[in-house]
>>> print(open('upload.txt').read())   # compact mmCIF, C-alpha atoms
# COMPACT_ATOMS: atom_id res chain seq x y z
CA MET K 1410 171.72 134.40 35.49
CA SER K 1411 168.15 135.52 35.64
CA ILE K 1412 165.14 133.91 37.22
CA GLU K 1413 161.64 135.30 37.12
CA VAL K 1414 159.80 135.33 40.45
CA ARG K 1415 156.05 135.95 40.63
CA ILE K 1416 155.05 137.73 43.81
CA PRO K 1417 151.57 137.35 45.35
CA THR K 1418 149.47 140.40 46.25
CA ILE K 1419 150.14 140.06 49.97
CA LEU K 1420 153.91 140.33 49.47
CA ARG K 1421 153.90 143.13 46.89
CA PRO K 1422 154.40 145.84 49.51
CA TYR K 1423 157.96 144.44 49.68
CA THR K 1424 158.51 144.67 45.92
CA LYS K 1425 157.10 148.18 45.40
CA ASP K 1426 153.94 146.58 44.02
CA GLN K 1427 155.76 144.69 41.29
CA LYS K 1428 154.00 141.47 40.29
CA THR K 1429 157.17 139.93 38.87
CA VAL K 1430 160.77 140.49 39.89
CA GLU K 1431 164.12 139.12 38.77
CA ALA K 1432 166.41 137.17 41.05
CA ALA K 1433 169.56 135.04 40.91
CA GLY K 1434 170.76 131.89 42.63
CA ALA K 1435 171.54 128.24 42.01
CA THR K 1436 169.16 126.95 44.69
CA LEU K 1437 165.85 128.18 46.05
CA SER K 1438 167.65 129.12 49.24
CA ALA K 1439 170.11 131.30 47.30
CA VAL K 1440 167.27 132.88 45.34
CA ILE K 1441 165.49 133.82 48.57
CA THR K 1442 168.71 135.31 49.95
CA ASP K 1443 169.06 137.34 46.76
CA LEU K 1444 165.42 138.46 46.92
CA ASP K 1445 165.84 139.57 50.51
CA ALA K 1446 168.96 141.56 49.62
CA ASN K 1447 166.96 143.52 47.03
CA TYR K 1448 163.59 143.56 48.76
CA SER K 1449 164.33 143.81 52.43
CA GLY K 1450 161.98 141.85 54.68
CA LEU K 1451 160.78 139.47 51.98
CA GLY K 1452 163.00 136.65 53.24
CA GLU K 1453 161.40 136.68 56.65
CA ARG K 1454 157.96 136.41 55.09
CA LEU K 1455 159.04 133.24 53.28
CA LEU K 1456 161.18 131.53 55.91
CA GLU K 1457 160.74 130.61 59.52
CA ASN K 1458 163.57 129.04 61.53
CA GLY K 1459 165.42 128.34 58.31
CA ALA K 1460 162.54 126.47 56.64
CA LEU K 1461 159.85 127.52 54.19
CA ARG K 1462 156.81 128.80 56.03
CA ARG K 1463 153.95 126.36 56.20
CA PHE K 1464 151.43 128.77 54.67
CA ILE K 1465 153.57 129.74 51.68
CA ASN K 1466 153.64 127.62 48.52
CA VAL K 1467 156.57 127.92 46.14
CA TYR K 1468 156.63 126.42 42.66
CA VAL K 1469 159.49 126.10 40.20
CA ASN K 1470 158.13 125.90 36.65
CA ASP K 1471 154.77 124.69 37.98
CA GLU K 1472 156.25 122.03 40.25
CA ASP K 1473 155.74 122.32 44.01
CA VAL K 1474 159.22 122.77 45.55
CA ARG K 1475 158.33 120.32 48.29
CA PHE K 1476 158.87 117.65 45.62
CA LEU K 1477 162.08 119.24 44.35
CA GLY K 1478 164.05 119.31 47.57
CA GLY K 1479 162.52 122.38 49.20
CA LEU K 1480 165.08 125.10 49.82
CA ASP K 1481 167.74 122.90 48.17
CA ALA K 1482 165.77 122.78 44.90
CA GLN K 1483 168.13 123.41 41.98
CA ILE K 1484 167.35 126.54 40.01
CA LYS K 1485 168.70 127.34 36.57
CA ASP K 1486 168.76 130.32 34.29
CA GLY K 1487 165.36 130.97 32.76
CA ASP K 1488 163.39 129.16 35.46
CA SER K 1489 160.20 130.71 36.68
CA ILE K 1490 159.36 130.71 40.37
CA THR K 1491 155.83 131.35 41.62
CA ILE K 1492 155.07 132.20 45.25
CA LEU K 1493 151.48 131.80 46.45
CA PRO K 1494 149.89 132.03 49.87
CA ALA K 1495 148.21 128.78 50.89
CA VAL K 1496 144.44 128.99 50.95
CA ALA K 1497 143.70 127.18 54.16
CA GLY K 1498 142.24 127.52 57.61
CA GLY K 1499 140.35 125.75 60.31
CA MET B 1415 132.78 147.49 52.59
CA SER B 1416 130.18 144.85 51.83
CA LEU B 1417 129.61 141.74 49.77
CA GLU B 1418 126.91 141.39 47.14
CA ILE B 1419 126.24 137.80 46.12
CA SER B 1420 123.53 135.98 44.20
CA ARG B 1421 121.04 133.71 45.94
CA ALA B 1422 122.10 130.86 43.63
CA PHE B 1423 125.70 130.99 44.89
CA VAL B 1424 124.61 131.15 48.53
CA ASP B 1425 122.38 128.10 48.02
CA ALA B 1426 125.14 126.23 46.16
CA ILE B 1427 127.67 126.88 48.93
CA LEU B 1428 125.25 125.77 51.67
CA GLU B 1429 124.44 122.67 49.64
CA GLN B 1430 128.16 121.91 49.21
CA SER B 1431 128.64 122.30 52.96
CA ARG B 1432 125.89 119.76 53.66
CA ALA B 1433 127.14 117.37 50.97
CA GLU B 1434 130.71 117.34 52.31
CA TYR B 1435 129.68 117.06 55.97
CA PRO B 1436 131.37 116.29 58.33
CA ASP B 1437 134.38 117.69 56.45
CA GLU B 1438 134.69 121.39 55.83
CA CYS B 1439 134.00 122.46 52.26
CA CYS B 1440 135.77 125.29 50.45
CA GLY B 1441 135.92 127.24 47.23
CA VAL B 1442 136.12 130.61 45.57
CA ILE B 1443 134.00 133.02 43.59
CA LEU B 1444 135.82 134.87 40.85
CA GLY B 1445 135.11 138.11 39.06
CA PRO B 1446 136.73 140.40 36.48
CA ALA B 1447 140.00 141.90 37.80
CA GLY B 1448 139.38 145.05 39.78
CA SER B 1449 135.59 144.63 39.76
CA ASP B 1450 135.01 143.14 43.24
CA LYS B 1451 132.02 141.37 41.63
CA ALA B 1452 131.38 137.76 42.65
CA LEU B 1453 130.32 136.25 39.32
CA ARG B 1454 131.89 132.81 38.80
CA HIS B 1455 131.55 130.11 41.44
CA LYS B 1456 134.29 127.52 41.63
CA PRO B 1457 134.01 124.87 44.35
CA MET B 1458 137.42 123.54 45.39
CA LEU B 1459 138.51 120.25 46.90
CA ASN B 1460 139.37 120.31 50.59
CA ALA B 1461 142.68 118.46 50.33
CA ALA B 1462 142.76 118.14 54.14
CA HIS B 1463 139.48 116.13 54.14
CA SER B 1464 138.92 117.26 57.70
CA PRO B 1465 136.05 118.52 59.87
CA THR B 1466 138.40 121.09 61.46
CA PHE B 1467 140.73 122.14 58.65
CA TYR B 1468 140.56 123.02 54.98
CA GLU B 1469 143.29 123.52 52.45
CA PHE B 1470 143.35 123.89 48.69
CA ASP B 1471 145.63 121.28 47.16
CA PRO B 1472 148.89 123.06 46.15
CA LYS B 1473 148.46 121.87 42.55
CA ASP B 1474 144.87 123.12 42.44
CA LEU B 1475 146.01 126.39 43.98
CA LEU B 1476 148.57 127.01 41.24
CA ALA B 1477 146.06 126.04 38.53
CA LEU B 1478 143.50 128.40 40.06
CA TYR B 1479 145.87 131.37 40.08
CA ARG B 1480 146.96 130.60 36.50
CA GLU B 1481 143.33 130.47 35.41
CA VAL B 1482 142.54 133.72 37.21
CA ASP B 1483 145.54 135.41 35.53
CA ASP B 1484 144.74 134.03 32.08
CA ASN B 1485 141.12 135.19 32.32
CA ASP B 1486 142.06 138.57 33.75
CA GLU B 1487 140.01 137.77 36.83
CA GLU B 1488 140.49 138.15 40.56
CA ILE B 1489 139.53 136.05 43.56
CA VAL B 1490 136.59 137.97 44.99
CA VAL B 1491 135.40 135.47 47.61
CA ILE B 1492 137.22 132.70 49.47
CA TYR B 1493 134.74 130.59 51.41
CA HIS B 1494 134.72 127.59 53.68
CA SER B 1495 132.29 125.93 56.03
CA HIS B 1496 132.29 125.34 59.74
CA THR B 1497 130.25 122.23 60.35
CA GLU B 1498 130.11 122.31 64.16
CA THR B 1499 130.85 125.91 65.10
CA GLU B 1500 129.82 129.48 64.43
CA ALA B 1501 130.54 131.11 61.05
CA TYR B 1502 133.33 133.25 62.49
CA PRO B 1503 137.02 133.06 61.50
CA SER B 1504 139.03 130.76 63.75
CA ARG B 1505 142.55 131.60 64.88
CA THR B 1506 143.83 129.29 62.15
CA ASP B 1507 141.70 131.10 59.55
CA ILE B 1508 143.22 134.40 60.60
CA SER B 1509 146.81 133.18 60.59
CA TYR B 1510 146.44 131.72 57.09
CA ALA B 1511 144.47 134.56 55.51
CA GLY B 1512 146.72 135.59 52.61
CA GLU B 1513 144.46 137.55 50.29
CA PRO B 1514 143.95 141.06 51.65
CA GLY B 1515 141.61 141.92 48.77
CA ALA B 1516 139.25 138.96 49.20
CA HIS B 1517 135.97 138.63 51.05
CA TYR B 1518 136.39 135.72 53.43
CA VAL B 1519 133.01 134.00 53.65
CA LEU B 1520 132.22 131.56 56.44
CA VAL B 1521 129.12 129.42 56.42
CA SER B 1522 127.83 127.28 59.23
CA THR B 1523 125.49 124.37 58.81
CA ARG B 1524 125.83 123.16 62.40
CA LYS B 1525 123.00 121.08 63.82
CA GLU B 1526 122.04 123.31 66.77
CA ILE B 1527 120.70 126.01 64.49
CA ALA B 1528 119.23 123.76 61.75
CA PRO B 1529 117.29 124.30 59.56
CA ALA B 1530 118.71 127.81 59.88
CA THR B 1531 122.21 128.44 58.55
CA GLU B 1532 124.76 131.22 58.82
CA PHE B 1533 126.39 132.97 55.88
CA ARG B 1534 128.77 135.76 56.94
CA SER B 1535 131.57 137.71 55.27
CA TYR B 1536 134.77 139.24 56.62
CA ARG B 1537 137.90 141.09 55.62
CA ILE B 1538 141.00 139.64 57.23
CA ILE B 1539 143.96 141.99 56.90
CA ASP B 1540 147.16 141.81 58.96
CA GLY B 1541 145.44 139.60 61.50
CA VAL B 1542 142.48 141.95 61.97
CA VAL B 1543 138.99 140.58 61.28
CA THR B 1544 136.26 142.99 60.19
CA GLU B 1545 132.79 141.64 59.53
CA GLU B 1546 130.92 143.24 56.63
CA PRO B 1547 127.28 143.21 55.56
CA VAL B 1548 126.17 140.63 52.97
CA THR B 1549 123.52 141.56 50.40
CA ILE B 1550 121.90 138.57 48.72
CA VAL B 1551 120.41 139.40 45.33
CA GLY B 1552 118.34 137.62 42.69
>>> encode(input="upload.txt", output="structure tokens")
Amino acid sequence: MSIEVRIPTILRPYTKDQKTVEAAGATLSAVITDLDANYSGLGERLLENGALRRFINVYVNDEDVRFLGGLDAQIKDGDSITILPAVAGG
Amino acid sequence: MSLEISRAFVDAILEQSRAEYPDECCGVILGPAGSDKALRHKPMLNAAHSPTFYEFDPKDLLALYREVDDNDEEIVVIYHSHTETEAYPSRTDISYAGEPGAHYVLVSTRKEIAPATEFRSYRIIDGVVTEEPVTIVG
């Protein structure tokens, strides 16, 4: 099972500068666990107290995961996940 | 480290700030990947519609990054306005800053200094704010 994950510039230090990496998992949560196993520290940059960080946006095939069940979002082989930092401030 | 930007973009951003008052306005200026040249102005919607917060809509954000990728561009400038306070990054601005390669531009159109305005640029990397000179051309 292979899922493509697009990594934003700010997180590329964790992926040895790779823009796209492969991951596996049946849910977003499982994919993040898999990512963290291969790219140590990445999980903590995406999660806080077991939830997706407020300033990180995650999309599965162009759909915001907030509308797909968040960390429980179902992922299948061939899906493409995009991670982007929110552009926001005060 | 400095930002070079055309007079037309500066004027357009200040105008957008006034037009969207009292809400903060926001947007980006794009340029060819790796160029650090601010060439294509793209105002964005402040999905927060707030005088104290701005946020690109998540859908717009994805579309923006797709467009930037497809055109082989980069986000050179990320700007927003402060309508009541100084053009200096707030704590929230610093905690959200997620583009280490971008120039973070803050404009202020607050009343106390009118008709003067502020247009300032910063790098925000790992929570550290560094102001940089702005050269306005054309």
>>> interface_residues(input="upload.txt", of="chain K", to="chain B", cutoff="6 Å", atoms="only C-alpha atoms", output="ChimeraX atom specification")
/K:1494,1496-1499
>>> residues_around(input="upload.txt", residues="Thr1429 of chain K", least_positions_apart="4", cutoff="6 Å", atoms="only C-alpha atoms", output="number ranges by chain")
K: 1414-1416
>>> residues_around(input="upload.txt", residues="segment 1544-1550 of chain B", least_positions_apart="5", cutoff="8 Å", atoms="all atoms listed in the file", output="number ranges by chain")
B: 1415-1421, 1424, 1534-1538
>>> closest_residue(input="upload.txt", among="K:Asp1481, K:Leu1420, K:Asp1473, K:Ser1411", to="Gly1459 of chain K", atoms="all atoms listed in the file")
K:Asp1481
>>> residues_around(input="upload.txt", residues="segment 1435-1452 of chain K", least_positions_apart="4", cutoff="6 Å", atoms="all atoms listed in the file", output="PDB file with C-alpha atoms, in the coordinates of the input")
ATOM      1  CA  TYR K1423     157.960 144.440  49.680  1.00  0.00           C
ATOM      2  CA  THR K1424     158.510 144.670  45.920  1.00  0.00           C
ATOM      3  CA  LEU K1480     165.080 125.100  49.820  1.00  0.00           C
ATOM      4  CA  ASP K1481     167.740 122.900  48.170  1.00  0.00           C
ATOM      5  CA  ALA K1482     165.770 122.780  44.900  1.00  0.00           C
ATOM      6  CA  GLN K1483     168.130 123.410  41.980  1.00  0.00           C
ATOM      7  CA  ILE K1484     167.350 126.540  40.010  1.00  0.00           C
TER       8      ILE K1484
END
>>> residues_around(input="upload.txt", residues="segment 1475-1479 of chain K", least_positions_apart="6", cutoff="9 Å", atoms="all atoms listed in the file", output="count of residues only")
8
>>> atom_distance(input="upload.txt", atom1="atom CA of Glu1481 of chain B", atom2="atom CA of Ala1495 of chain K")
16.3 Å
>>> closest_residue(input="upload.txt", among="K:Pro1417, K:Glu1431, K:Arg1462, K:Pro1422", to="Asp1488 of chain K", atoms="all atoms listed in the file")
K:Glu1431
>>> atom_distance(input="upload.txt", atom1="atom CA of Glu1487 of chain B", atom2="atom CA of Arg1454 of chain B")
9.7 Å
>>> closest_residue(input="upload.txt", among="K:Thr1491, K:Ala1432, K:Glu1457, K:Lys1485", to="Asp1471 of chain K", atoms="all atoms listed in the file")
K:Thr1491
>>> atom_distance(input="upload.txt", atom1="atom CA of Asp1437 of chain B", atom2="atom CA of Ala1501 of chain B")
14.7 Å
>>> build_atoms(input="upload.txt", residues="segment 1422-1451 of chain K", atoms="N, CA and C atoms", output="mmCIF file, in the frame of the given file")
data_model
loop_
_atom_site.group_PDB
_atom_site.id
_atom_site.type_symbol
_atom_site.label_atom_id
_atom_site.label_comp_id
_atom_site.auth_asym_id
_atom_site.auth_seq_id
_atom_site.Cartn_x
_atom_site.Cartn_y
_atom_site.Cartn_z
ATOM 1 N N PRO K 1422 153.857 144.661 48.824
ATOM 2 C CA PRO K 1422 154.400 145.840 49.510
ATOM 3 C C PRO K 1422 155.932 145.780 49.623
ATOM 4 N N TYR K 1423 156.500 144.577 49.593
ATOM 5 C CA TYR K 1423 157.960 144.440 49.680
ATOM 6 C C TYR K 1423 158.635 144.686 48.345
ATOM 7 N N THR K 1424 157.896 144.554 47.257
ATOM 8 C CA THR K 1424 158.510 144.670 45.920
ATOM 9 C C THR K 1424 158.026 145.938 45.205
ATOM 10 N N LYS K 1425 157.627 146.925 45.968
ATOM 11 C CA LYS K 1425 157.100 148.180 45.400
ATOM 12 C C LYS K 1425 155.977 147.879 44.423
ATOM 13 N N ASP K 1426 155.115 146.934 44.812
ATOM 14 C CA ASP K 1426 153.940 146.580 44.020
ATOM 15 C C ASP K 1426 154.226 145.844 42.718
ATOM 16 N N GLN K 1427 155.467 145.432 42.522
ATOM 17 C CA GLN K 1427 155.760 144.690 41.290
ATOM 18 C C GLN K 1427 155.236 143.256 41.417
ATOM 19 N N LYS K 1428 154.588 142.793 40.349
ATOM 20 C CA LYS K 1428 154.000 141.470 40.290
ATOM 21 C C LYS K 1428 155.083 140.417 40.013
ATOM 22 N N THR K 1429 156.080 140.828 39.255
ATOM 23 C CA THR K 1429 157.170 139.930 38.870
ATOM 24 C C THR K 1429 158.492 140.632 39.100
ATOM 25 N N VAL K 1430 159.434 139.917 39.711
ATOM 26 C CA VAL K 1430 160.770 140.490 39.890
ATOM 27 C C VAL K 1430 161.808 139.489 39.386
ATOM 28 N N GLU K 1431 163.028 139.980 39.205
ATOM 29 C CA GLU K 1431 164.120 139.120 38.770
ATOM 30 C C GLU K 1431 164.978 138.762 39.972
ATOM 31 N N ALA K 1432 165.526 137.565 39.958
ATOM 32 C CA ALA K 1432 166.410 137.170 41.050
ATOM 33 C C ALA K 1432 167.491 136.258 40.480
ATOM 34 N N ALA K 1433 168.480 135.932 41.328
ATOM 35 C CA ALA K 1433 169.560 135.040 40.910
ATOM 36 C C ALA K 1433 169.838 134.041 42.021
ATOM 37 N N GLY K 1434 170.394 132.891 41.632
ATOM 38 C CA GLY K 1434 170.760 131.890 42.630
ATOM 39 C C GLY K 1434 170.657 130.497 42.042
ATOM 40 N N ALA K 1435 171.504 129.593 42.551
ATOM 41 C CA ALA K 1435 171.540 128.240 42.010
ATOM 42 C C ALA K 1435 170.596 127.295 42.754
ATOM 43 N N THR K 1436 170.138 127.733 43.928
ATOM 44 C CA THR K 1436 169.160 126.950 44.690
ATOM 45 C C THR K 1436 168.051 127.894 45.132
ATOM 46 N N LEU K 1437 166.946 127.326 45.570
ATOM 47 C CA LEU K 1437 165.850 128.180 46.050
ATOM 48 C C LEU K 1437 166.330 129.019 47.228
ATOM 49 N N SER K 1438 167.112 128.410 48.090
ATOM 50 C CA SER K 1438 167.650 129.120 49.240
ATOM 51 C C SER K 1438 168.442 130.351 48.803
ATOM 52 N N ALA K 1439 169.299 130.187 47.803
ATOM 53 C CA ALA K 1439 170.110 131.300 47.300
ATOM 54 C C ALA K 1439 169.231 132.368 46.656
ATOM 55 N N VAL K 1440 168.183 131.929 45.967
ATOM 56 C CA VAL K 1440 167.270 132.880 45.340
ATOM 57 C C VAL K 1440 166.575 133.730 46.403
ATOM 58 N N ILE K 1441 166.172 133.079 47.496
ATOM 59 C CA ILE K 1441 165.490 133.820 48.570
ATOM 60 C C ILE K 1441 166.461 134.813 49.230
ATOM 61 N N THR K 1442 167.705 134.397 49.403
ATOM 62 C CA THR K 1442 168.710 135.310 49.950
ATOM 63 C C THR K 1442 168.880 136.526 49.040
ATOM 64 N N ASP K 1443 168.925 136.252 47.737
ATOM 65 C CA ASP K 1443 169.060 137.340 46.760
ATOM 66 C C ASP K 1443 167.835 138.254 46.784
ATOM 67 N N LEU K 1444 166.656 137.659 46.863
ATOM 68 C CA LEU K 1444 165.420 138.460 46.920
ATOM 69 C C LEU K 1444 165.443 139.371 48.146
ATOM 70 N N ASP K 1445 165.847 138.791 49.270
ATOM 71 C CA ASP K 1445 165.840 139.570 50.510
ATOM 72 C C ASP K 1445 166.854 140.712 50.469
ATOM 73 N N ALA K 1446 167.952 140.501 49.734
ATOM 74 C CA ALA K 1446 168.960 141.560 49.620
ATOM 75 C C ALA K 1446 168.394 142.748 48.846
ATOM 76 N N ASN K 1447 167.540 142.452 47.862
ATOM 77 C CA ASN K 1447 166.960 143.520 47.030
ATOM 78 C C ASN K 1447 165.636 144.048 47.566
ATOM 79 N N TYR K 1448 164.916 143.197 48.257
ATOM 80 C CA TYR K 1448 163.590 143.560 48.760
ATOM 81 C C TYR K 1448 163.547 143.187 50.246
ATOM 82 N N SER K 1449 164.102 144.089 51.013
ATOM 83 C CA SER K 1449 164.330 143.810 52.430
ATOM 84 C C SER K 1449 163.041 143.414 53.155
ATOM 85 N N GLY K 1450 163.139 142.320 53.913
ATOM 86 C CA GLY K 1450 161.980 141.850 54.680
ATOM 87 C C GLY K 1450 161.263 140.694 54.023
ATOM 88 N N LEU K 1451 161.476 140.538 52.701
ATOM 89 C CA LEU K 1451 160.780 139.470 51.980
ATOM 90 C C LEU K 1451 161.203 138.089 52.480
#
